[in-house]
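Colleague: This is the structure I want to talk about, given as structure tokens.
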Amino acid sequence: MKYNQIRCFTSRGVELKVVPCDYDFTTETYDGLFISNGPGDPTMLETAITRLRSALSLPNDKLKPVFGICLGHQLLALAAGASTRKRKYGNRGHNMPCQDAFSGRCYITSQNDGFEVDQTTLPAGWIELFKNANDGSNERHHLHRQALLLRGTKAENEARVPRANVQKVLILGSGGLSISQAGEFDYSGSQAIRALEEEGIYTIMVNPNIATIATSKGLANKVYFLPVNTDFVRKIIEFERPDGIYVTFGGQTALNVGVKLKDEFAALGCKVLGTPIETIITTEDRALFAQAMEEIGEKCAESATATSPDEAAQAAGTIGYPVIVRAAYALGGLGSGFAQDEAQLRALCEKAFATSPQVLVEKSMKGWKEIEYEVVRDCRDNCITVCNMENFDPLGIHTGDSIVVAPSQILSDVDYNMLRTTAINVIRHLGVIGECNIQYALNPTSQEYCIIEVNARLSRSSALASKATGYPLAFIAAKLGLGIPLDEIKNSVTKVTTACFEPSLDYCVVKIPRWDLKKFQRVSKTLSSSMKSVGDVMAIGRTFEEKIQKAIRAIDDRFTGFGESEMVDDIDYELSNPTDRRLFAIAAAFKKGYSVDKIWQMTNIDKWFLTRLYKIDTLEIPAASPPSTHHFSDPVLGVEMASTGEEACFGKNKYEAYLKALISTGIVLPKKNILFSMPEMLLFVEKLHRAGYNILGTTGTAEYLSEHNIPYKYLEALGGDDNQKSESSLTQHLATNLIDLFINLVTPPGLINSLAFVPNIAAPGSTDAAEVTQASIASGFSSFPVAPWAGSWILKP
């Protein structure tokens, strides 16, 4: 019996007696019987089955509740008269979706069993209670005497939230590309289009950005390259007459348009799909959000809303400085910041009220940890947390400007589950349908936390979580908006299991922002709650050390990893005041002898991260190699690279995947004529001939093909007689583009015995061996001595 089961009983005041499986419990007086899990074939425990059968056969007035889990559940079935069978593979893992047969709800469970109950053998009166949503296997059954139905039956739930009957859907993209509004919403828009296309729905995209995937030809059925604002969106709806509209895939711009048009959608015959507008307003209006959190006993930071600078100053005086000012309905934290006094507060309010009608004045929790969870909820109230992330920097820096690590590395199991449970409670209370992001401030010295905000839409964190976990959040959110429950959506990778699972990673991911502040004049490089980065990079690795090194190298080819940089002038200032150079300031501080504790006191960055950076800094670096005459593109690997991108393709085998990759990079496959100029490739030539290609060859190749009875067309080589006939002239074929593909292979020299060319290589005192080795390596050959006599060197290309 597992310790956690004992803890669950005793924590509820239950007097518990734990006995072995062959114990005669029929002589005991008890209020309930719990049959625990265990390994092996349940049919082997005949004694336990016999005693359970006697317990189940008692009259109703003496019958006690009996609950079986895993092996216990199988023993209970055998005692009732059912049979069990061994699975082919078994269900093993902590991410198994189990569907309630009554309500249709799906629950994430942990399982480790190799046997299952054959539900077709359940006797009369017994019915299936839970089944595995992936393979349909029986997970729980009960005696149907008094069935307790929670949240209604499955039929009632389906009738309560029917699937959306839509044929044409309008998707609002983001506004013009800008800081905090760029590729992340292109990702979500393009994924939504693919999801709707899979359901056979006509899609219309509104997006002013021509250089995006979402507006690519052939993706959406129709694209409007127009600004995403109320006037244009209203006209498009009046002209196109869509059945539904998504406002959660275009960031804050699309969300604001949806809020402004909320009272007009019904008259226009357009249904808002996914998260209701009322929920969006609750999450965007700071006062309504704080009130909603108070209703379920969740804590937000002490705050007050204001609609004027005077109201904001009065609120700050009540709360106490320092405070943070957050603008409602703002993109990328625009207009927000920290104020130490009233003068700074009024300066922030002047910016905030220029873009928003309302601000939230909030008690500053600067220095606390900032944690995020990506949560998904469907119309049946099934909830999963797809990914949790933590900021490398403490609270006070916008997530878009902070280094982000996923999944979290420094949270304890208790902290992780505490915040996960809170996230699910909050999303259910708000009524989100689809995907959303919840942000926390967590006290680093206790379990005290506050909810910062909820983004009831796809965000830049959603794009990062999708790429980090492989779970297509935007794709799934679009399906959920149509009223399709999670357990009825297929896993995009396996195509067999369901999308109702929480990804578990055996690797971790780091995201580092990229700033181009040098392009702007009179712009402060200090990082705060308003976003300034123009992009970011993501690195994957087994450890934090590995991925942080990869990410730093990817940011700029000048950086070879975590280390000192000439960019840092004043170390103490950079540590105390976060800028785009802070990471390099930490490296410089380590070089100057600063301890982890001192840097932590100046930055409030968690010691877990600082300790690992210190380990990188103290690694022994081997002596530098002699300078090379070659200029490599990668200073770390020393590899000469000329490519500007790459393609990844899937296939049933390596040949199909390779062929797809060739096509995707722009290579055009031959249509008819292939010219060969090579000594040997008989097998491949025969395959191409059988595939219907015309084989062409010049003199040497033609003779080779003739000897092996392969049909071919002879062409006269270049530089021959000027009176060549056009039908047999290689010159004419090339000039008129009649040759689709030319394959020319040079015979490799194979192995070369250097002793045959350097007779003194083995002579006493000769330096020929070293010179031959240097020359061979410089020429691209491999060189190795042949045993047992090391006087002979073999060169291989």
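Lettering and numbering for the structure tokens are positional, with chains as A, B, ... in the shown order, residues counted from 1 in each chain, and ligands counted from 1 in the shown order.
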For stretch 513-519 of chain A, list every protein, DNA or RNA residue within 7 Å, evaluated using only C-alpha atoms, and leave out those in the same chain fewer than 5 positions away; present the list as an mmCIF file with N, CA and C atoms, in the first residue's frame.
Modeller:
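Result file follows (part.cif):
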data_model
loop_
_atom_site.group_PDB
_atom_site.id
_atom_site.type_symbol
_atom_site.label_atom_id
_atom_site.label_comp_id
_atom_site.auth_asym_id
_atom_site.auth_seq_id
_atom_site.Cartn_x
_atom_site.Cartn_y
_atom_site.Cartn_z
ATOM 1 N N GLY A 400 8.234 39.184 -21.577
ATOM 2 C CA GLY A 400 8.851 39.245 -22.900
ATOM 3 C C GLY A 400 10.286 39.703 -22.872
ATOM 4 N N ASP A 401 10.708 40.361 -21.773
ATOM 5 C CA ASP A 401 12.082 40.842 -21.633
ATOM 6 C C ASP A 401 12.897 39.987 -20.676
ATOM 7 N N SER A 402 12.314 38.934 -20.159
ATOM 8 C CA SER A 402 12.998 38.099 -19.179
ATOM 9 C C SER A 402 13.426 36.778 -19.799
ATOM 10 N N ILE A 403 14.513 36.226 -19.284
ATOM 11 C CA ILE A 403 14.895 34.856 -19.636
ATOM 12 C C ILE A 403 13.875 33.924 -18.984
ATOM 13 N N LYS A 525 17.824 51.731 -21.657
ATOM 14 C CA LYS A 525 18.101 50.298 -21.751
ATOM 15 C C LYS A 525 17.664 49.541 -20.505
ATOM 16 N N LYS A 532 10.371 45.589 -24.293
ATOM 17 C CA LYS A 532 11.243 46.279 -25.243
ATOM 18 C C LYS A 532 11.919 45.346 -26.241
ATOM 19 N N SER A 533 11.876 44.033 -26.017
ATOM 20 C CA SER A 533 12.577 43.107 -26.912
ATOM 21 C C SER A 533 11.851 42.998 -28.252
ATOM 22 N N VAL A 534 12.608 42.654 -29.290
ATOM 23 C CA VAL A 534 12.043 42.535 -30.643
ATOM 24 C C VAL A 534 11.958 41.080 -31.094
ATOM 25 N N GLY A 535 12.346 40.163 -30.246
ATOM 26 C CA GLY A 535 12.291 38.747 -30.604
ATOM 27 C C GLY A 535 12.970 37.928 -29.529
ATOM 28 N N ASP A 536 13.091 36.643 -29.754
ATOM 29 C CA ASP A 536 13.771 35.793 -28.785
ATOM 30 C C ASP A 536 14.239 34.520 -29.464
ATOM 31 N N VAL A 537 15.083 33.775 -28.767
ATOM 32 C CA VAL A 537 15.553 32.477 -29.250
ATOM 33 C C VAL A 537 15.213 31.431 -28.192
ATOM 34 N N ILE A 555 21.755 33.961 -29.819
ATOM 35 C CA ILE A 555 21.355 35.368 -29.793
ATOM 36 C C ILE A 555 22.205 36.202 -30.737
ATOM 37 N N ASP A 580 19.657 45.083 -20.860
ATOM 38 C CA ASP A 580 19.880 43.998 -21.813
ATOM 39 C C ASP A 580 21.271 43.380 -21.662
#
Colleague: Output as a VMD selection string all residues of stretch 125-255 of chain A that backbone DSSP marks as helix (DSSP H, G or I).
Modeller: chain A and resid 154 to 160 183 to 198 230 to 240 251 to 255
Colleague: Only N, CA, C and O atoms, please: the residues just picked out, written as a short mmCIF file (atom, residue, chain, number, x, y, z; two decimals), in the first residue's frame.
Modeller:
data_model
loop_
_atom_site.label_atom_id
_atom_site.label_comp_id
_atom_site.auth_asym_id
_atom_site.auth_seq_id
_atom_site.Cartn_x
_atom_site.Cartn_y
_atom_site.Cartn_z
N LYS A 154 -23.87 12.46 -19.43
CA LYS A 154 -23.14 12.82 -20.64
C LYS A 154 -24.06 13.45 -21.67
O LYS A 154 -23.72 14.45 -22.31
N ALA A 155 -25.28 12.88 -21.82
CA ALA A 155 -26.24 13.43 -22.78
C ALA A 155 -26.67 14.84 -22.39
O ALA A 155 -26.81 15.73 -23.25
N GLU A 156 -26.86 15.06 -21.08
CA GLU A 156 -27.26 16.39 -20.62
C GLU A 156 -26.14 17.40 -20.87
O GLU A 156 -26.40 18.55 -21.25
N ASN A 157 -24.91 16.99 -20.62
CA ASN A 157 -23.78 17.89 -20.84
C ASN A 157 -23.60 18.22 -22.32
O ASN A 157 -23.26 19.35 -22.68
N GLU A 158 -23.80 17.24 -23.19
CA GLU A 158 -23.70 17.49 -24.62
C GLU A 158 -24.79 18.44 -25.10
O GLU A 158 -24.56 19.28 -25.97
N ALA A 159 -25.99 18.29 -24.53
CA ALA A 159 -27.09 19.17 -24.91
C ALA A 159 -26.88 20.58 -24.35
O ALA A 159 -27.26 21.58 -24.98
N ARG A 160 -26.23 20.67 -23.18
CA ARG A 160 -26.00 21.98 -22.56
C ARG A 160 -25.01 22.81 -23.35
O ARG A 160 -25.17 24.02 -23.51
N GLY A 183 5.60 37.57 -34.27
CA GLY A 183 5.50 36.20 -34.76
C GLY A 183 4.66 35.27 -33.91
O GLY A 183 4.11 34.30 -34.41
N GLU A 184 4.55 35.56 -32.59
CA GLU A 184 3.80 34.64 -31.74
C GLU A 184 2.34 34.56 -32.14
O GLU A 184 1.70 33.51 -32.05
N PHE A 185 1.77 35.67 -32.65
CA PHE A 185 0.37 35.65 -33.05
C PHE A 185 0.22 35.18 -34.49
O PHE A 185 -0.87 34.75 -34.89
N ASP A 186 1.28 35.25 -35.26
CA ASP A 186 1.27 34.61 -36.57
C ASP A 186 1.18 33.10 -36.39
O ASP A 186 0.45 32.41 -37.11
N TYR A 187 1.90 32.60 -35.39
CA TYR A 187 1.85 31.17 -35.09
C TYR A 187 0.43 30.75 -34.72
O TYR A 187 -0.10 29.77 -35.24
N SER A 188 -0.19 31.48 -33.79
CA SER A 188 -1.52 31.08 -33.32
C SER A 188 -2.55 31.19 -34.44
O SER A 188 -3.43 30.32 -34.57
N GLY A 189 -2.47 32.23 -35.26
CA GLY A 189 -3.43 32.38 -36.35
C GLY A 189 -3.33 31.27 -37.38
O GLY A 189 -4.34 30.72 -37.83
N SER A 190 -2.09 30.93 -37.77
CA SER A 190 -1.92 29.88 -38.78
C SER A 190 -2.36 28.52 -38.25
O SER A 190 -2.94 27.70 -38.98
N GLN A 191 -2.12 28.25 -36.96
CA GLN A 191 -2.56 26.99 -36.37
C GLN A 191 -4.08 26.91 -36.30
O GLN A 191 -4.67 25.84 -36.53
N ALA A 192 -4.73 28.02 -36.00
CA ALA A 192 -6.19 28.04 -35.96
C ALA A 192 -6.78 27.77 -37.33
O ALA A 192 -7.77 27.03 -37.46
N ILE A 193 -6.18 28.32 -38.36
CA ILE A 193 -6.67 28.08 -39.73
C ILE A 193 -6.57 26.60 -40.08
O ILE A 193 -7.51 26.01 -40.64
N ARG A 194 -5.46 25.97 -39.73
CA ARG A 194 -5.28 24.55 -40.04
C ARG A 194 -6.31 23.69 -39.28
O ARG A 194 -6.82 22.71 -39.82
N ALA A 195 -6.59 24.07 -38.04
CA ALA A 195 -7.56 23.30 -37.26
C ALA A 195 -8.96 23.40 -37.86
O ALA A 195 -9.68 22.40 -37.97
N LEU A 196 -9.35 24.61 -38.28
CA LEU A 196 -10.68 24.80 -38.87
C LEU A 196 -10.77 24.14 -40.24
O LEU A 196 -11.81 23.60 -40.62
N GLU A 197 -9.67 24.18 -40.98
CA GLU A 197 -9.66 23.52 -42.28
C GLU A 197 -9.87 22.01 -42.12
O GLU A 197 -10.57 21.39 -42.92
N GLU A 198 -9.30 21.43 -41.06
CA GLU A 198 -9.47 20.01 -40.80
C GLU A 198 -10.93 19.66 -40.51
O GLU A 198 -11.37 18.54 -40.77
N THR A 230 -12.26 48.21 -35.26
CA THR A 230 -13.70 47.98 -35.26
C THR A 230 -14.35 48.32 -36.60
O THR A 230 -15.25 47.60 -37.06
N ASP A 231 -13.91 49.39 -37.25
CA ASP A 231 -14.55 49.80 -38.51
C ASP A 231 -14.37 48.76 -39.60
O ASP A 231 -15.34 48.36 -40.26
N PHE A 232 -13.14 48.33 -39.80
CA PHE A 232 -12.89 47.36 -40.87
C PHE A 232 -13.50 46.00 -40.54
O PHE A 232 -14.06 45.33 -41.42
N VAL A 233 -13.40 45.57 -39.31
CA VAL A 233 -13.94 44.26 -38.94
C VAL A 233 -15.46 44.25 -39.11
O VAL A 233 -16.04 43.27 -39.59
N ARG A 234 -16.12 45.35 -38.71
CA ARG A 234 -17.57 45.43 -38.88
C ARG A 234 -17.97 45.33 -40.35
O ARG A 234 -18.90 44.61 -40.72
N LYS A 235 -17.24 46.03 -41.22
CA LYS A 235 -17.55 45.99 -42.66
C LYS A 235 -17.32 44.59 -43.25
O LYS A 235 -18.09 44.13 -44.10
N ILE A 236 -16.26 43.94 -42.80
CA ILE A 236 -15.97 42.59 -43.31
C ILE A 236 -17.07 41.62 -42.89
O ILE A 236 -17.52 40.79 -43.68
N ILE A 237 -17.53 41.73 -41.63
CA ILE A 237 -18.62 40.85 -41.17
C ILE A 237 -19.89 41.11 -41.96
O ILE A 237 -20.60 40.17 -42.36
N GLU A 238 -20.20 42.38 -42.21
CA GLU A 238 -21.41 42.71 -42.98
C GLU A 238 -21.34 42.18 -44.41
O GLU A 238 -22.35 41.75 -44.97
N PHE A 239 -20.13 42.15 -44.98
CA PHE A 239 -19.99 41.68 -46.36
C PHE A 239 -19.90 40.15 -46.44
O PHE A 239 -20.56 39.53 -47.28
N GLU A 240 -19.11 39.55 -45.57
CA GLU A 240 -18.87 38.10 -45.65
C GLU A 240 -19.94 37.28 -44.94
O GLU A 240 -20.13 36.11 -45.28
N GLY A 251 -3.81 38.33 -30.25
CA GLY A 251 -3.23 39.14 -29.20
C GLY A 251 -4.19 40.20 -28.67
O GLY A 251 -5.41 40.12 -28.84
N GLN A 252 -3.60 41.22 -28.04
CA GLN A 252 -4.41 42.25 -27.40
C GLN A 252 -5.21 43.06 -28.41
O GLN A 252 -6.34 43.49 -28.12
N THR A 253 -4.67 43.26 -29.61
CA THR A 253 -5.37 44.06 -30.62
C THR A 253 -6.70 43.42 -30.99
O THR A 253 -7.75 44.08 -31.00
N ALA A 254 -6.68 42.12 -31.29
CA ALA A 254 -7.91 41.42 -31.66
C ALA A 254 -8.87 41.35 -30.48
O ALA A 254 -10.09 41.47 -30.64
N LEU A 255 -8.32 41.18 -29.28
CA LEU A 255 -9.16 41.11 -28.09
C LEU A 255 -9.92 42.41 -27.86
O LEU A 255 -11.12 42.40 -27.56
#
Colleague: Could you tell me, as a list of chain:residue names, which residues of stretch 457-612 of chain A DSSP assigns to strand (DSSP E or B) when given the backbone?
Modeller: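 Selection result, strand (DSSP E or B) within stretch 457-612 of chain A: A:Lys490, A:Thr498, A:Cys508, A:Val509, A:Val510, A:Lys511, A:Ile512, A:Pro513, A:Arg514, A:Thr526, A:Gly535, A:Asp536, A:Val537, A:Met538, A:Ala539, A:Ile540, A:Gly541, A:Thr579.
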Colleague: With only C-alpha atoms counted and 12 Å as the cut-off, give the residues of stretch 361-385 of chain A in contact with stretch 584-604 of chain A, each with its shortest interatomic distance in Å and the pair that gives it, as CSV.
Modeller:
residue,atom,partner,partner_atom,distance
A:Met365,CA,A:Asn604,CA,11.9
A:Lys366,CA,A:Asn604,CA,9.2
A:Gly367,CA,A:Asn604,CA,5.7
A:Trp368,CA,A:Asn604,CA,8.0
A:Lys369,CA,A:Asn604,CA,8.9
A:Glu370,CA,A:Asn604,CA,11.7
Colleague: Using only C-alpha atoms, which protein or nucleic acid residues come within 8 Å of A:Thr282? Drop anything in the same chain fewer than 4 positions from it, and give the result as a list in words.
Modeller: Glu278, Arg286, Leu288, Phe289, Ala292 and Leu430 of chain A
Colleague: Tell me which protein, DNA and RNA residues are within 9 Å of A:Ile280, counting only C-alpha atoms, leaving out same-chain ones fewer than 4 positions away, and put them as a count of residues only.
Modeller: 11
